[in-house]
Amino acid sequence: MLLSSNQFSGPLPRIGDTMKVLDLSNNSLSGDLSHFLCDTMANQTYGLTTLHLEGNQLSGELPDCWMKWKSLEFLSLGNNNIFGIIPNSMGHLVNLRFLNLYGNRISGQIPFSLQNCTSLVKMDLANNDLVGNIPAWVGTSLVKLSILILRSNKLSGKVSSELCNLNSLQILDLSDNSLSGKIPRCVYNFTAMATGSLANSYENAQVVTVIRGAFYSYSFDIWYLLESAAVVTKGRKVQYDTILWLVTNLDLSNNNLSGDIPKELTSLIELRSLNLSANHLTGLVPDSIGDMKQLESLDLSRNSLSGQIPTSLARISSLNHLNLSCNNITGRIPTSTQLQSLNASSFISNNLCGPPLQIKCSGDGDEPRGHKDENEDEGADESKIEWLYVVVSLGYAVGFSVVCSALVLMKAWREAYFGLLESMWDKLYVIPHDIGNLSNLHTLDLGNFLDSTGMVVDSLEWLSGLSQLEYLDMDYVNLKKATNWAQVINTLPSLVEMHFRNCSLDLMVPWNDVNVTSLKFLDLSFNYLPFYVPNLIMKWIFQLSNLVFLDLSRNLLNGPMPSHSNATKLQHIDLSYNNFNSSIPDWLYFCKDLEFVDLSGTLLQGTISNAIANLTSLNTLHLPFNSLSGKIPTNLCKIKSLDLSFNKFKGDISDAFVNMSDCFLGALESLLLLGNELSGRLTDQFGNFKRLQSLNLAENSLSGAIPISLGKLFSLKNLALSDNKFIGNLPESFGQLFKLKYLDISNNMLGGVVTESHFVNLTKLETRVMELEKPKNFQQLDLSNTGISGNVPSWCWEIPFLNLSHNHLRGKIPYISGPQSIEDPYMLFSVQYTLLSSNQFSGPLPSIGVTMQVLDLSNNSLSGDLSLFLCDTMADQTYGLTTLRLGGNQLSGELPDCWMKWKSLEILSLGNNNIFGIIPNSMGHLVNLRSLNLYGNRISGQIPFSLQNCTSLVMMDLANNDLVGNIPSWVGTSLVELSVLILRSNKLSGKVSPELCNLNSLQILDLSDNSLSGKIPRCVYNFTAMATGRSLVDSYLNAKHVTILRESSDSYSFDTWDLLDSAAVVTKGRIAQYDTILWLVTNLDLSNNNFSGDIPKELTSLIELRSLNLSANHLTGLVPDSIGDMKQLESLDLSRNSLSGQIPTSLALISSLNYLNLSCNNLTGRIPTSTQLQSLNASSFISNNLCGPPLEINCSSDGDGPRGHKDENEDEGADESKIEWLYVVVSLGYAVGFSVVCSALVLKKAWREAYFGLLESMWDKLYVYVCIKWMRLTKPSNPTS
């Protein structure tokens, strides 16, 4: 049975005992592998010889029941989620020829029992977590091995010489481990790498007859069942299958191997790929390397090899990938068409000369010659550019100084200029001070809610004349300059009600007497008063004995709340979101008229006193986001809303609510306790809240079963029990919650079976009844991340808000109709939100209704042409879709050209599909687009000009495509709100336009892996978001919550930040996926391009940058001394450039730095001393001329260079000495020449007069030329001439 490469899902099937070949590879099958292999009849014998299950989603531990499957010859379980150790029972598979366990999470050592599998031809255990040595018995027992792949594990120790007994070995990959010691010299015994014996295996296994009768026989090619292998060659991973028998490969890269390259290795003359990179190999490249005529790929980079490149290397005509970079190789590169056609990066970070490098050799060809001739033209161009900057800057300075001088010297001009400014200022809203003459005025309402920036008031002195004023509203009027506002208010003895919300109040001058004793209503919220105000304003306010309403919320007041208050008549007090950092004051418990108390987010500590029972009128108590602990108040008879979320209440919840009064049970409508440390079980008492409408107990540690009594909460509209430890079945009594609108029970351990009595499917087991009757008026269903599986009931597609993401749901998605009628009185949603990401849905994309606003189908197995979904719609139909996420599917076809139908889109993600073609011009119609993600497709062509219309873009990720051309300059002038720009891994070329520096909100810029050239723009200092980290933070705060329903006092909201696509950012040498914390990331990556010139000092002004990667370019010059100012750097990669000089000592001051790579440069001197730098790996500094820890090279007494190794580096030291003397001689010659010229001018009057006469004549010519040009330009034209 051969069913590979389809879209089958669900668990593995049971098979009969006659099954011989079963291939289910590359599907979406899931479940525990043990159920398939071990849950069989005890005495059942199976004749299965071939089992292919790789490329699925199988999980669980690697089973330990292989004794039941002794006939197996081919076993492939690669690319699943299997973990655990390799069991000893696998040693029973004595007929096994092919074993493939790669790409799982298998740990432990390679077990001794596998030595019984003596028929093994291929063993691939790559990309796991195996530890220990490579067992010696591999070379003595598994002598038929032709393919041994142990890449990317955690193996250590030396490579045993017994491994050389594998004379049939044709592919050996031990890369990316921690192996040490020398390369065994017995490698010459790998005779198959000279003869290619896997061809014999191919010929022997190619055809297998499976049916034979009297007059007929059926046969099939079984070679494709002999597993393919991923082989790293030519710097990339290549999958081989049908031609695997032609491959010969030896890969020992990325280990800790030392010593020289054994000459015996060159006897493997049929080897096609050899990779020894990233080790600690020394000595010469063997002269006999040219005997390996079949070599197509050779990588010896990142070692410490020395000497010259053997001339025999030029005779390998098949060589098309060579990397010798980052060694100590010297001399001329041998001449041959093959070598000279390679990229220069194959030879960088050595002391080589000659093509393809642009470094010319000296006359004897043994060493490089200066760079003056090769860069002469480039230097001229740079000189022109620099002069352009000089002239422009000079012109600006002259113009600015002329204007300023004119304003200083010419009074008339000055008056006219400032008069113009005053007239412009007067056009703003101004309150006429004549209002102060209305002495009998009782009500003054100047509230400016609609235009909070238009009205500005410098002084409130005119208010002091309104002695009869009772009502004053100046909400949203800018009073920042009215510093005496409090003194003026104190002159209004009749004032009863005062509204100063969001007025930017500043200074408050203290006074002794309080005259506004009649004040009852005071609103000073959202003013963010300065740090020196709190004590003054508190002292004044709490002297107001008649105060009934007080709102000081959102002021960030610091310091404790006052210990005494005269405001005993308070009924409403809102002090939320200040920084009191104290306990609840005692006087608050004796304000017997209090009805509303909000102290949210005020850093309160301690407990809630039992005296709170005195507040007999209290109906609202909001104390979330504090550090309160102790008892939860349950003796408040009129309380309707109790919010104690995100505090430190702990203990058994049943004890906390054991003594609830009847009036408390009858009054409470909203109980919010999320984000505490409550534990224990919910008791049946929770079913006695007669009026409860909202219950939120999420993010605690509650356990046990959900009580049946919750079904008695007939008024319940919102229920959140997520992120706890509830177990058992969902109570059938939930079917009685007819008013329920919001339900979140995600992230628990619920299970059981769903029947018609339930209104939702919440089981982890297979559902018996799937077509359930839709609950009446059901509006919102959130079962995300609950582990449910199966198909989705048909009535679910009509629910306005549906979140089933992160589960194991499967099947096809039908037409999503959404709300059937917005005239329905119970229908509170008029739009549709459907979130189905990270499931196993398959088939084509569904059709959607016009009410759809958010559609997230990402990370499923959906397929088909994207055009059918987007373009095959009604011609005149208007869609209001704002969010469309289809990334991580199998969609194909060209990128559609019908985006004019989807103008409401704000978030568009099509990444990681198989979409090709160009970006169409119609995408420019998406003027509301904020996030565009097309990464990981096959999109080609240039970035279209029409995208400049998408001026609201905050994030644009076009990485991993085939885009060509320059980065358009309009990106920096039109898309000014960009915070994330990722163009990694394309084919972009040209220089980086300085207009890109206009993106001062840019927080992540990744242009790596392209062919960009030129210098790094010095205007990078304009990336201010990389210095403050505020751009994406603001976006996060603005976009975090989106309200999707509001009715009277009820509102439902969800976190939409997750819908703003995540981004894959390369940092610390690896790709990291950021989503919810993307707004914290600051990253600049220009690596793997062709940038030249120095590292601009301006770059170091980006002090909030966390990751900087400039590696693999052609940068020269010094590392800026001010690099130590970048205190937040966690990752810095400057490797594979031509940087020189010493490592700045300021680098040692960056305490957060945990990844550094300066290798393969021309850096010299001592490595600066700090705990941070000395704790890094020595590979961070190799292929330079550095000394000191963590390198094992000691420094000389003056600390300027390495000591020792005289026998190896004597010539190199002589070269360095010559270079240093060259600098000395040039500097001395310049000094002598300059002093001679100056002395001659001082001593010889005739020379001096001639020199300054020349300067004067040049100046006169320039002056006359400018004057004539200016007259011609300013002369009025004569239309009659």
# chains A, B, ... in the order shown; residues from 1 in each chain; ligands from 1
call {"tool": "select_by_dssp", "arguments": {"residues": "region 838-1031 of chain A", "states": "alpha helix (DSSP H)", "output": "ChimeraX atom specification"}}
result
/A:866-870,970-974,1025-1028,1031
call {"tool": "residues_around", "arguments": {"residues": "region 988-990 of chain A", "least_positions_apart": "4", "cutoff": "8 Å", "atoms": "only C-alpha atoms", "output": "JSON list (two decimals) with C-alpha atoms, in the first residue's frame"}}
result
[["chain", "number", "residue", "atom", "x", "y", "z"],
["A", 963, "LEU", "CA", 12.97, 39.89, -6.02],
["A", 964, "VAL", "CA", 15.49, 41.80, -8.15],
["A", 965, "GLY", "CA", 16.52, 45.41, -8.76],
["A", 966, "ASN", "CA", 17.26, 48.21, -6.30],
["A", 967, "ILE", "CA", 15.51, 48.99, -3.06],
["A", 1010, "ASN", "CA", 21.35, 40.06, -1.24],
["A", 1011, "SER", "CA", 23.88, 41.69, -3.59],
["A", 1012, "LEU", "CA", 23.73, 45.23, -2.25],
["A", 1013, "SER", "CA", 26.87, 47.34, -2.63],
["A", 1014, "GLY", "CA", 28.33, 50.74, -1.84]]
call {"tool": "residues_around", "arguments": {"residues": "region 1151-1166 of chain A", "least_positions_apart": "6", "cutoff": "9 Å", "atoms": "only C-alpha atoms", "output": "number ranges by chain"}}
result
A: 302, 325-327, 348-350, 1067-1069, 1106, 1111, 1118, 1127-1143, 1172-1173, 1175-1177, 1179-1189, 1194-1195, 1199-1202
call {"tool": "atom_distance", "arguments": {"atom1": "CA of His499 (chain A)", "atom2": "CA of Thr616 (chain A)"}}
result
28.3 Å
call {"tool": "residues_around", "arguments": {"residues": "region 936-950 of chain A", "least_positions_apart": "6", "cutoff": "6 Å", "atoms": "only C-alpha atoms", "output": "list in words"}}
result
Gly911, Asn912, Asn913, Asn914, Ile915, Phe916, Gly917, Ile918, Asn921, Gly924, Val927, Asn960, Asn961, Asp962, Leu963, Val964, Gly965 and Ser974 of chain A
call {"tool": "write_last_selection", "arguments": {"atoms": "N, CA and C atoms", "output": "tab-separated table (two decimals), in the first residue's frame"}}
result
chain	number	residue	atom	x	y	z
A	911	GLY	N	2.61	34.41	3.62
A	911	GLY	CA	3.94	33.81	3.69
A	911	GLY	C	3.94	32.30	3.73
A	912	ASN	N	5.09	31.72	3.35
A	912	ASN	CA	5.29	30.26	3.40
A	912	ASN	C	4.22	29.50	2.64
A	913	ASN	N	4.05	29.86	1.38
A	913	ASN	CA	3.20	29.11	0.46
A	913	ASN	C	4.01	28.85	-0.81
A	914	ASN	N	3.34	28.53	-1.89
A	914	ASN	CA	4.02	28.27	-3.16
A	914	ASN	C	3.56	29.27	-4.23
A	915	ILE	N	3.39	30.50	-3.84
A	915	ILE	CA	2.88	31.54	-4.73
A	915	ILE	C	4.06	32.10	-5.55
A	916	PHE	N	3.81	32.36	-6.83
A	916	PHE	CA	4.88	32.89	-7.68
A	916	PHE	C	4.36	34.09	-8.46
A	917	GLY	N	5.19	34.59	-9.38
A	917	GLY	CA	4.81	35.76	-10.17
A	917	GLY	C	5.31	37.04	-9.54
A	918	ILE	N	4.91	38.17	-10.11
A	918	ILE	CA	5.33	39.48	-9.63
A	918	ILE	C	4.30	40.05	-8.66
A	921	ASN	N	0.42	45.57	-9.58
A	921	ASN	CA	0.22	47.00	-9.30
A	921	ASN	C	-1.06	47.24	-8.50
A	924	GLY	N	-1.37	48.32	-4.83
A	924	GLY	CA	-1.30	49.71	-4.41
A	924	GLY	C	-2.64	50.29	-3.98
A	927	VAL	N	-4.68	50.94	0.55
A	927	VAL	CA	-4.15	52.14	1.20
A	927	VAL	C	-4.24	52.07	2.72
A	960	ASN	N	13.00	35.88	1.52
A	960	ASN	CA	13.03	34.54	0.93
A	960	ASN	C	12.17	34.45	-0.33
A	961	ASN	N	12.40	35.37	-1.25
A	961	ASN	CA	11.76	35.33	-2.55
A	961	ASN	C	12.83	35.52	-3.62
A	962	ASP	N	12.44	35.91	-4.82
A	962	ASP	CA	13.38	36.12	-5.92
A	962	ASP	C	13.28	37.53	-6.47
A	963	LEU	N	13.07	38.51	-5.60
A	963	LEU	CA	12.97	39.89	-6.02
A	963	LEU	C	14.31	40.41	-6.53
A	964	VAL	N	14.27	41.25	-7.55
A	964	VAL	CA	15.49	41.80	-8.15
A	964	VAL	C	15.40	43.33	-8.17
A	965	GLY	N	16.49	43.97	-8.64
A	965	GLY	CA	16.52	45.41	-8.76
A	965	GLY	C	16.97	46.10	-7.48
A	974	SER	N	7.82	57.52	1.24
A	974	SER	CA	6.37	57.29	1.27
A	974	SER	C	5.92	56.40	2.42
call {"tool": "atom_distance", "arguments": {"atom1": "CA of Leu155 (chain A)", "atom2": "CA of Ile106 (chain A)"}}
result
12.7 Å
call {"tool": "residues_around", "arguments": {"residues": "Leu524 (chain A)", "least_positions_apart": "6", "cutoff": "7 Å", "atoms": "only C-alpha atoms", "output": "short mmCIF file (atom, residue, chain, number, x, y, z; two decimals) with N, CA, C and O atoms, in the first residue's frame"}}
result
data_model
loop_
_atom_site.label_atom_id
_atom_site.label_comp_id
_atom_site.auth_asym_id
_atom_site.auth_seq_id
_atom_site.Cartn_x
_atom_site.Cartn_y
_atom_site.Cartn_z
N HIS A 499 -14.32 70.42 35.95
CA HIS A 499 -13.84 69.40 35.01
C HIS A 499 -12.55 69.89 34.36
O HIS A 499 -12.59 70.78 33.51
N PHE A 500 -11.42 69.28 34.72
CA PHE A 500 -10.13 69.62 34.12
C PHE A 500 -9.46 68.35 33.60
O PHE A 500 -8.30 68.09 33.84
N ARG A 501 -10.17 67.58 32.83
CA ARG A 501 -9.66 66.31 32.32
C ARG A 501 -8.72 66.55 31.14
O ARG A 501 -9.03 67.29 30.21
N ASP A 551 -12.00 62.34 40.77
CA ASP A 551 -11.33 61.53 39.75
C ASP A 551 -9.93 62.09 39.52
O ASP A 551 -9.76 63.17 38.94
N LEU A 552 -8.92 61.35 40.00
CA LEU A 552 -7.50 61.70 39.78
C LEU A 552 -6.79 60.63 38.97
O LEU A 552 -5.57 60.50 39.04
#
call {"tool": "residues_around", "arguments": {"residues": "Ala1112 (chain A)", "least_positions_apart": "2", "cutoff": "9 Å", "atoms": "only C-alpha atoms", "output": "list in words"}}
result
Ser345, Leu1086, Ser1087, Asn1088, Asn1089, Asn1090, Phe1091, Leu1110, His1114, Leu1115, Leu1134, Ser1135, Arg1136 and Asn1137 of chain A
call {"tool": "atom_distance", "arguments": {"atom1": "CA of Ser576 (chain A)", "atom2": "CA of Phe590 (chain A)"}}
result
19.7 Å
call {"tool": "closest_residue", "arguments": {"among": "A:Val477, A:Leu1262, A:Ile612, A:Leu324", "to": "Pro585 (chain A)", "atoms": "only C-alpha atoms"}}
result
A:Ile612
call {"tool": "residues_around", "arguments": {"residues": "region 658-664 of chain A", "least_positions_apart": "4", "cutoff": "12 Å", "atoms": "only C-alpha atoms", "output": "PyMOL selection string"}}
result
chain A and resi 613+616+618-619+631-642+652-654+668-671+682-686+688-692
call {"tool": "write_last_selection", "arguments": {"atoms": "C-alpha atoms", "output": "PDB file, in the first residue's frame"}}
result
ATOM      1  CA  ALA A 613     -17.911  46.199  55.857  1.00  0.00           C
ATOM      2  CA  THR A 616     -22.706  49.676  53.261  1.00  0.00           C
ATOM      3  CA  LEU A 618     -20.549  50.317  48.020  1.00  0.00           C
ATOM      4  CA  ASN A 619     -21.623  48.796  44.673  1.00  0.00           C
ATOM      5  CA  LYS A 631      -9.003  37.763  52.491  1.00  0.00           C
ATOM      6  CA  ILE A 632     -11.422  38.498  49.682  1.00  0.00           C
ATOM      7  CA  PRO A 633     -14.274  40.707  50.987  1.00  0.00           C
ATOM      8  CA  THR A 634     -17.555  38.761  50.838  1.00  0.00           C
ATOM      9  CA  ASN A 635     -19.632  40.810  53.295  1.00  0.00           C
ATOM     10  CA  LEU A 636     -20.625  43.755  51.078  1.00  0.00           C
ATOM     11  CA  CYS A 637     -24.390  43.671  50.735  1.00  0.00           C
ATOM     12  CA  LYS A 638     -24.833  46.072  47.808  1.00  0.00           C
ATOM     13  CA  ILE A 639     -21.745  45.161  45.800  1.00  0.00           C
ATOM     14  CA  LYS A 640     -22.427  44.652  42.093  1.00  0.00           C
ATOM     15  CA  SER A 641     -18.930  44.647  40.588  1.00  0.00           C
ATOM     16  CA  LEU A 642     -15.865  43.227  42.381  1.00  0.00           C
ATOM     17  CA  ASP A 652      -8.072  27.650  48.581  1.00  0.00           C
ATOM     18  CA  ILE A 653     -10.879  29.410  46.732  1.00  0.00           C
ATOM     19  CA  SER A 654     -13.481  27.423  48.629  1.00  0.00           C
ATOM     20  CA  LEU A 668     -23.059  40.541  42.819  1.00  0.00           C
ATOM     21  CA  GLU A 669     -23.202  40.890  39.020  1.00  0.00           C
ATOM     22  CA  SER A 670     -19.497  40.806  38.095  1.00  0.00           C
ATOM     23  CA  LEU A 671     -16.708  38.854  39.826  1.00  0.00           C
ATOM     24  CA  LEU A 682     -14.844  25.375  42.822  1.00  0.00           C
ATOM     25  CA  THR A 683     -17.705  24.501  45.159  1.00  0.00           C
ATOM     26  CA  ASP A 684     -21.404  24.359  44.429  1.00  0.00           C
ATOM     27  CA  GLN A 685     -21.766  27.696  46.223  1.00  0.00           C
ATOM     28  CA  PHE A 686     -20.751  29.468  43.021  1.00  0.00           C
ATOM     29  CA  ASN A 688     -25.916  30.584  44.144  1.00  0.00           C
ATOM     30  CA  PHE A 689     -25.026  33.983  42.602  1.00  0.00           C
ATOM     31  CA  LYS A 690     -28.495  34.853  41.370  1.00  0.00           C
ATOM     32  CA  ARG A 691     -27.580  37.942  39.327  1.00  0.00           C
ATOM     33  CA  LEU A 692     -24.025  37.100  38.244  1.00  0.00           C
TER      34      LEU A 692
END
call {"tool": "select_by_dssp", "arguments": {"residues": "region 680-745 of chain A", "states": "strand (DSSP E or B)", "output": "NGL selection string"}}
result
:A and (680-681 or 694-696 or 701-705 or 718-720 or 725-728 or 742-744)
